[in-house]
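Q: What follows is a structure written as structure tokens; I'll ask about it next.
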Amino acid sequence: MQRREHRYKVLVIGDLGVGKTSIIKRYVHQHFSANYRATIGVDFALKVLNLDQDTIRLQLWDIAGQERFGNMTRVYYRDALGAFVVFDVARSCTFEAVRKWKEDLDDKVSASGGKRVAAVLLANKCDQDRDDTFAKNYGRMEQFCREHGFINWFETSAKENINIDEAVTCLLRHIMASDTELLQTDGMNISPKLDSGRSPPCSACLRP
Ligand code: GDP
């Protein structure tokens with residue numbers, strides 16, 4: 001069977017210092033440093049990977065240095081098919097900000113002409129102790145995801161390389177499933193946007 005090639009744009013958003021750049025560097029370059037210099041402006045990294053029968057050219061967009069709501073331009077959101085919303089398990093304010101990031105994402109994507117993007121929540125720095133707010137919510141995270149429109153959530157550590165590959169695979173499989181569904185429906189040859197409300201099954205991220 002001929003390999004299909006997809007180009008997926010995925011955003012990485014969340015408060016300053018939660019580990020967005022570190023997650024991208026870990027995933028793309030298999031590298032972690034405690035001292036990344038903050039880049040100002042939108043930055044993106046490309047990774048080409050094979051998943052099942054397909055080749056994916058994955059663009060991970062970092063918002064480096066612009067972590068304020070309303071600050072991001074439409075170019076950043078345009079054509080995005082997926083997003084990671086990241087918080088730091090040791091800083092409750094970053095968890096409390098997740099809802100706003102998700103709402104901002106949905107608003108901006110629809111304002112830039114797109115439909116809702118597939119979003120996965122990342123509880124990063126899981127190598128550190130959870131702070132009280134996140135610890136209290138820990139048992140209700142699946143419900144939190146359902147309420148706020150996340151496909152799933154993962155505890156990750158860019159430092160210790162925990163669950164980053166799994167989270168990316170989960171998001172990509174979800175996007176691919178929607179993609180295939182639309183390809184079959186429309187007979188199109190390019191990666192279309194997700195239709196709002198579509199929720200195809202994601203076998204990679206089914207939890208025990
Ligand atoms: P960003 O502002 O969200 O892009 O965050 P950075 O990637 O710049 O990370 C902020 C700080 O958190 C840096 O000092 C990183 O080394 C540190 N950091 C990032 N990820 C982790 C992690 O998984 N565990 C720990 N302990 N520190 C991390």
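Simple scheme: letters A, B, ... for chains in structure tokens order, numbers from 1 for residues in each chain, numbers from 1 for ligands in the order shown.
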Hey, what's within 9 Å of Ala123 (chain A) if we count only C-alpha atoms and toss same-chain stuff fewer than 6 positions away? As a PDB file with all heavy atoms, in the first residue's frame, please?
A:
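Saved the output as part-v3.pdb:
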```pdb
ATOM      1  N   VAL A  18       6.085  26.592  31.962  1.00  0.00           N
ATOM      2  CA  VAL A  18       5.504  25.261  32.240  1.00  0.00           C
ATOM      3  C   VAL A  18       6.282  24.132  31.551  1.00  0.00           C
ATOM      4  O   VAL A  18       6.104  22.954  31.866  1.00  0.00           O
ATOM      5  CB  VAL A  18       4.008  25.177  31.829  1.00  0.00           C
ATOM      6  CG1 VAL A  18       3.162  26.104  32.689  1.00  0.00           C
ATOM      7  CG2 VAL A  18       3.819  25.472  30.355  1.00  0.00           C
ATOM      8  N   VAL A  85      -2.088  21.652  25.463  1.00  0.00           N
ATOM      9  CA  VAL A  85      -2.180  22.701  26.473  1.00  0.00           C
ATOM     10  C   VAL A  85      -1.410  22.178  27.683  1.00  0.00           C
ATOM     11  O   VAL A  85      -1.697  21.100  28.204  1.00  0.00           O
ATOM     12  CB  VAL A  85      -3.646  23.009  26.847  1.00  0.00           C
ATOM     13  CG1 VAL A  85      -3.696  24.132  27.881  1.00  0.00           C
ATOM     14  CG2 VAL A  85      -4.437  23.403  25.601  1.00  0.00           C
ATOM     15  N   VAL A  86      -0.396  22.946  28.085  1.00  0.00           N
ATOM     16  CA  VAL A  86       0.556  22.457  29.081  1.00  0.00           C
ATOM     17  C   VAL A  86       0.408  23.233  30.383  1.00  0.00           C
ATOM     18  O   VAL A  86       0.228  24.452  30.371  1.00  0.00           O
ATOM     19  CB  VAL A  86       2.009  22.626  28.564  1.00  0.00           C
ATOM     20  CG1 VAL A  86       3.009  21.955  29.505  1.00  0.00           C
ATOM     21  CG2 VAL A  86       2.164  22.073  27.149  1.00  0.00           C
ATOM     22  N   PHE A  87       0.480  22.520  31.518  1.00  0.00           N
ATOM     23  CA  PHE A  87       0.627  23.205  32.805  1.00  0.00           C
ATOM     24  C   PHE A  87       1.702  22.500  33.614  1.00  0.00           C
ATOM     25  O   PHE A  87       2.176  21.422  33.244  1.00  0.00           O
ATOM     26  CB  PHE A  87      -0.710  23.307  33.557  1.00  0.00           C
ATOM     27  CG  PHE A  87      -1.241  21.995  34.095  1.00  0.00           C
ATOM     28  CD1 PHE A  87      -1.015  21.625  35.417  1.00  0.00           C
ATOM     29  CD2 PHE A  87      -1.976  21.141  33.287  1.00  0.00           C
ATOM     30  CE1 PHE A  87      -1.514  20.433  35.925  1.00  0.00           C
ATOM     31  CE2 PHE A  87      -2.470  19.936  33.778  1.00  0.00           C
ATOM     32  CZ  PHE A  87      -2.243  19.584  35.097  1.00  0.00           C
ATOM     33  N   ASP A  88       2.082  23.144  34.719  1.00  0.00           N
ATOM     34  CA  ASP A  88       3.161  22.643  35.572  1.00  0.00           C
ATOM     35  C   ASP A  88       2.517  22.069  36.842  1.00  0.00           C
ATOM     36  O   ASP A  88       1.817  22.798  37.558  1.00  0.00           O
ATOM     37  CB  ASP A  88       4.076  23.845  35.879  1.00  0.00           C
ATOM     38  CG  ASP A  88       5.197  23.537  36.859  1.00  0.00           C
ATOM     39  OD1 ASP A  88       5.156  22.481  37.515  1.00  0.00           O
ATOM     40  OD2 ASP A  88       6.105  24.384  36.966  1.00  0.00           O
ATOM     41  N   VAL A  89       2.718  20.790  37.096  1.00  0.00           N
ATOM     42  CA  VAL A  89       2.031  20.140  38.227  1.00  0.00           C
ATOM     43  C   VAL A  89       2.403  20.760  39.573  1.00  0.00           C
ATOM     44  O   VAL A  89       1.693  20.585  40.559  1.00  0.00           O
ATOM     45  CB  VAL A  89       2.319  18.616  38.291  1.00  0.00           C
ATOM     46  CG1 VAL A  89       1.856  17.908  37.042  1.00  0.00           C
ATOM     47  CG2 VAL A  89       3.797  18.329  38.559  1.00  0.00           C
ATOM     48  N   PHE A  95      -2.251  25.512  36.318  1.00  0.00           N
ATOM     49  CA  PHE A  95      -3.381  24.586  36.114  1.00  0.00           C
ATOM     50  C   PHE A  95      -4.676  25.381  35.985  1.00  0.00           C
ATOM     51  O   PHE A  95      -5.524  25.117  35.130  1.00  0.00           O
ATOM     52  CB  PHE A  95      -3.460  23.586  37.268  1.00  0.00           C
ATOM     53  CG  PHE A  95      -4.648  22.670  37.197  1.00  0.00           C
ATOM     54  CD1 PHE A  95      -4.823  21.821  36.113  1.00  0.00           C
ATOM     55  CD2 PHE A  95      -5.608  22.665  38.201  1.00  0.00           C
ATOM     56  CE1 PHE A  95      -5.932  20.978  36.028  1.00  0.00           C
ATOM     57  CE2 PHE A  95      -6.712  21.831  38.128  1.00  0.00           C
ATOM     58  CZ  PHE A  95      -6.879  20.990  37.045  1.00  0.00           C
ATOM     59  N   TRP A 153      -5.516  13.360  28.768  1.00  0.00           N
ATOM     60  CA  TRP A 153      -4.439  14.078  29.448  1.00  0.00           C
ATOM     61  C   TRP A 153      -3.319  13.105  29.784  1.00  0.00           C
ATOM     62  O   TRP A 153      -3.542  11.895  29.914  1.00  0.00           O
ATOM     63  CB  TRP A 153      -4.952  14.766  30.709  1.00  0.00           C
ATOM     64  CG  TRP A 153      -5.218  13.833  31.859  1.00  0.00           C
ATOM     65  CD1 TRP A 153      -6.265  12.956  31.960  1.00  0.00           C
ATOM     66  CD2 TRP A 153      -4.452  13.671  33.041  1.00  0.00           C
ATOM     67  NE1 TRP A 153      -6.187  12.261  33.130  1.00  0.00           N
ATOM     68  CE2 TRP A 153      -5.077  12.682  33.830  1.00  0.00           C
ATOM     69  CE3 TRP A 153      -3.290  14.280  33.529  1.00  0.00           C
ATOM     70  CZ2 TRP A 153      -4.587  12.286  35.057  1.00  0.00           C
ATOM     71  CZ3 TRP A 153      -2.808  13.880  34.764  1.00  0.00           C
ATOM     72  CH2 TRP A 153      -3.452  12.901  35.511  1.00  0.00           C
ATOM     73  N   PHE A 154      -2.108  13.631  29.898  1.00  0.00           N
ATOM     74  CA  PHE A 154      -0.936  12.816  30.226  1.00  0.00           C
ATOM     75  C   PHE A 154      -0.102  13.561  31.250  1.00  0.00           C
ATOM     76  O   PHE A 154       0.057  14.779  31.160  1.00  0.00           O
ATOM     77  CB  PHE A 154      -0.060  12.594  28.985  1.00  0.00           C
ATOM     78  CG  PHE A 154      -0.670  11.670  27.974  1.00  0.00           C
ATOM     79  CD1 PHE A 154      -1.608  12.147  27.063  1.00  0.00           C
ATOM     80  CD2 PHE A 154      -0.320  10.331  27.919  1.00  0.00           C
ATOM     81  CE1 PHE A 154      -2.176  11.302  26.124  1.00  0.00           C
ATOM     82  CE2 PHE A 154      -0.890   9.477  26.987  1.00  0.00           C
ATOM     83  CZ  PHE A 154      -1.818   9.961  26.086  1.00  0.00           C
ATOM     84  N   GLU A 155       0.444  12.808  32.195  1.00  0.00           N
ATOM     85  CA  GLU A 155       1.476  13.368  33.063  1.00  0.00           C
ATOM     86  C   GLU A 155       2.793  13.205  32.309  1.00  0.00           C
ATOM     87  O   GLU A 155       3.152  12.084  31.933  1.00  0.00           O
ATOM     88  CB  GLU A 155       1.543  12.598  34.365  1.00  0.00           C
ATOM     89  CG  GLU A 155       0.359  12.882  35.260  1.00  0.00           C
ATOM     90  CD  GLU A 155       0.427  12.048  36.515  1.00  0.00           C
ATOM     91  OE1 GLU A 155       0.035  10.875  36.448  1.00  0.00           O
ATOM     92  OE2 GLU A 155       0.878  12.564  37.545  1.00  0.00           O
ATOM     93  N   THR A 156       3.484  14.308  32.096  1.00  0.00           N
ATOM     94  CA  THR A 156       4.720  14.247  31.311  1.00  0.00           C
ATOM     95  C   THR A 156       5.888  14.830  32.092  1.00  0.00           C
ATOM     96  O   THR A 156       5.705  15.615  33.034  1.00  0.00           O
ATOM     97  CB  THR A 156       4.588  15.062  29.998  1.00  0.00           C
ATOM     98  OG1 THR A 156       4.250  16.413  30.329  1.00  0.00           O
ATOM     99  CG2 THR A 156       3.541  14.474  29.078  1.00  0.00           C
ATOM    100  N   SER A 157       7.059  14.431  31.674  1.00  0.00           N
ATOM    101  CA  SER A 157       8.266  15.111  32.147  1.00  0.00           C
ATOM    102  C   SER A 157       9.210  15.238  30.959  1.00  0.00           C
ATOM    103  O   SER A 157       9.646  14.228  30.397  1.00  0.00           O
ATOM    104  CB  SER A 157       8.936  14.334  33.269  1.00  0.00           C
ATOM    105  OG  SER A 157      10.225  14.882  33.522  1.00  0.00           O
TER     106      SER A 157
END
```
Q: Using only C-alpha atoms, determine which residues lie at most 6 Å from region 8-17 of chain A, disregarding the query and same-chain residues fewer than 4 positions distant; provide the list as a PyMOL selection string.
A: chain A and resi 58-62+67+80-86+94
Q: Report the closest atom pair, with its distance in Å rounded to one decimal, for each residue of chain A that has an atom no farther than 8 Å from ligand 1; count only C-alpha atoms and all ligand atoms, sort by chain and then rising residue number, and write it as CSV.
A:
```
residue,atom,partner,partner_atom_place_in_ligand_line,distance
A:Ile13,CA,ligand 1,3 (O),7.8
A:Gly14,CA,ligand 1,3 (O),6.6
A:Asp15,CA,ligand 1,3 (O),6.1
A:Leu16,CA,ligand 1,2 (O),4.0
A:Gly17,CA,ligand 1,2 (O),3.4
A:Val18,CA,ligand 1,3 (O),4.0
A:Gly19,CA,ligand 1,5 (O),3.3
A:Lys20,CA,ligand 1,3 (O),3.8
A:Thr21,CA,ligand 1,7 (O),3.8
A:Ser22,CA,ligand 1,7 (O),3.7
A:Ile23,CA,ligand 1,20 (N),6.5
A:Phe32,CA,ligand 1,16 (O),7.2
A:Ser33,CA,ligand 1,16 (O),5.5
A:Ala34,CA,ligand 1,16 (O),3.2
A:Asn35,CA,ligand 1,14 (O),5.5
A:Tyr36,CA,ligand 1,8 (O),5.7
A:Arg37,CA,ligand 1,8 (O),7.3
A:Ala38,CA,ligand 1,8 (O),6.2
A:Asp62,CA,ligand 1,4 (O),7.4
A:Ile63,CA,ligand 1,4 (O),7.8
A:Ala64,CA,ligand 1,4 (O),5.9
A:Gly65,CA,ligand 1,2 (O),6.9
A:Val86,CA,ligand 1,3 (O),7.7
A:Asn124,CA,ligand 1,23 (O),5.4
A:Lys125,CA,ligand 1,23 (O),3.5
A:Cys126,CA,ligand 1,23 (O),6.3
A:Asp127,CA,ligand 1,24 (N),5.8
A:Gln128,CA,ligand 1,26 (N),5.9
A:Thr156,CA,ligand 1,23 (O),6.4
A:Ser157,CA,ligand 1,23 (O),3.4
A:Ala158,CA,ligand 1,23 (O),3.8
A:Lys159,CA,ligand 1,23 (O),4.2
A:Glu160,CA,ligand 1,23 (O),6.5
A:Asn161,CA,ligand 1,23 (O),7.5
```
Q: Counting only C-alpha atoms, which of A:Ala118, A:Lys47, A:Ala111, A:Asp131 gets nearest to Ile175 (chain A)?
A: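 Of the candidates, the smallest distance to Ile175 (chain A) is held by A:Ala118.
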Q: Among the residues of region 5-49 of chain A, find those DSSP assigns to helix (DSSP H, G or I) from the backbone and print them as a list of chain:residue names.
A: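 So, restricting region 5-49 of chain A to helix (DSSP H, G or I), we get A:Lys20, A:Thr21, A:Ser22, A:Ile23, A:Ile24, A:Lys25, A:Arg26, A:Tyr27, A:Val28, A:His29.
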Q: Could you tell me, as JSON, numbers by chain, which residues of region 22-168 of chain A DSSP assigns to strand (DSSP E or B) when given the backbone?
A: {"A": [43, 44, 45, 46, 47, 48, 49, 50, 51, 54, 55, 56, 57, 58, 59, 60, 61, 62, 82, 83, 84, 85, 86, 87, 88, 118, 119, 120, 121, 122, 123, 124, 152, 153, 154, 155, 157, 162]}
Q: Which distance in Å separates CA of Glu103 (chain A) and CA of Gly149 (chain A), to one decimal?
A: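 Interatomic distance, CA of Glu103 (chain A) to CA of Gly149 (chain A): 9.6 Å.
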Q: So how far away is CA of Ile56 (chain A) from CA of Val98 (chain A), in Å?
A: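 Spanning CA of Val98 (chain A) to CA of Ile56 (chain A) is a straight-line distance of 27.6 Å.
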Q: With distances taken over only C-alpha atoms, which residue among A:Val75, A:Ile164, A:Leu46, A:Cys170 lies nearest Tyr27 (chain A)?
A: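 Comparing A:Val75, A:Ile164, A:Leu46, A:Cys170 against Tyr27 (chain A), the winner is A:Ile164.
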Q: Would you kindly return, as a list in words, each protein, DNA or RNA residue with an atom no farther than 8 Å from any atom of Arg4 (chain A), considering only C-alpha atoms and excluding same-chain residues fewer than 3 positions away?
A: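 Those residues are Gln53, Asp54 and Thr55 of chain A.
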Q: Please dump the current selection as a CSV table (one decimal), in the first residue's frame; keep N, CA and C atoms.
A:
```csv
chain,number,residue,atom,x,y,z
A,53,GLN,N,0.8,3.3,8.5
A,53,GLN,CA,1.2,3.2,7.1
A,53,GLN,C,1.6,4.6,6.5
A,54,ASP,N,1.5,5.6,7.4
A,54,ASP,CA,1.6,7.0,6.9
A,54,ASP,C,2.8,7.7,7.3
A,55,THR,N,3.2,8.7,6.6
A,55,THR,CA,4.3,9.6,7.0
A,55,THR,C,3.7,10.9,7.4
```
Q: Using only C-alpha atoms, pick whichever of A:Arg57, A:Asp107, A:Ser112, A:Ser92 has the shortest atom-to-atom distance to Lys136 (chain A).
A: A:Ser92
Q: When you draw a straight line from CA of Arg146 (chain A) to CA of Ala45 (chain A), how long is it in Å?
A: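 Atom-to-atom, CA of Arg146 (chain A) and CA of Ala45 (chain A) are spaced 29.3 Å apart.
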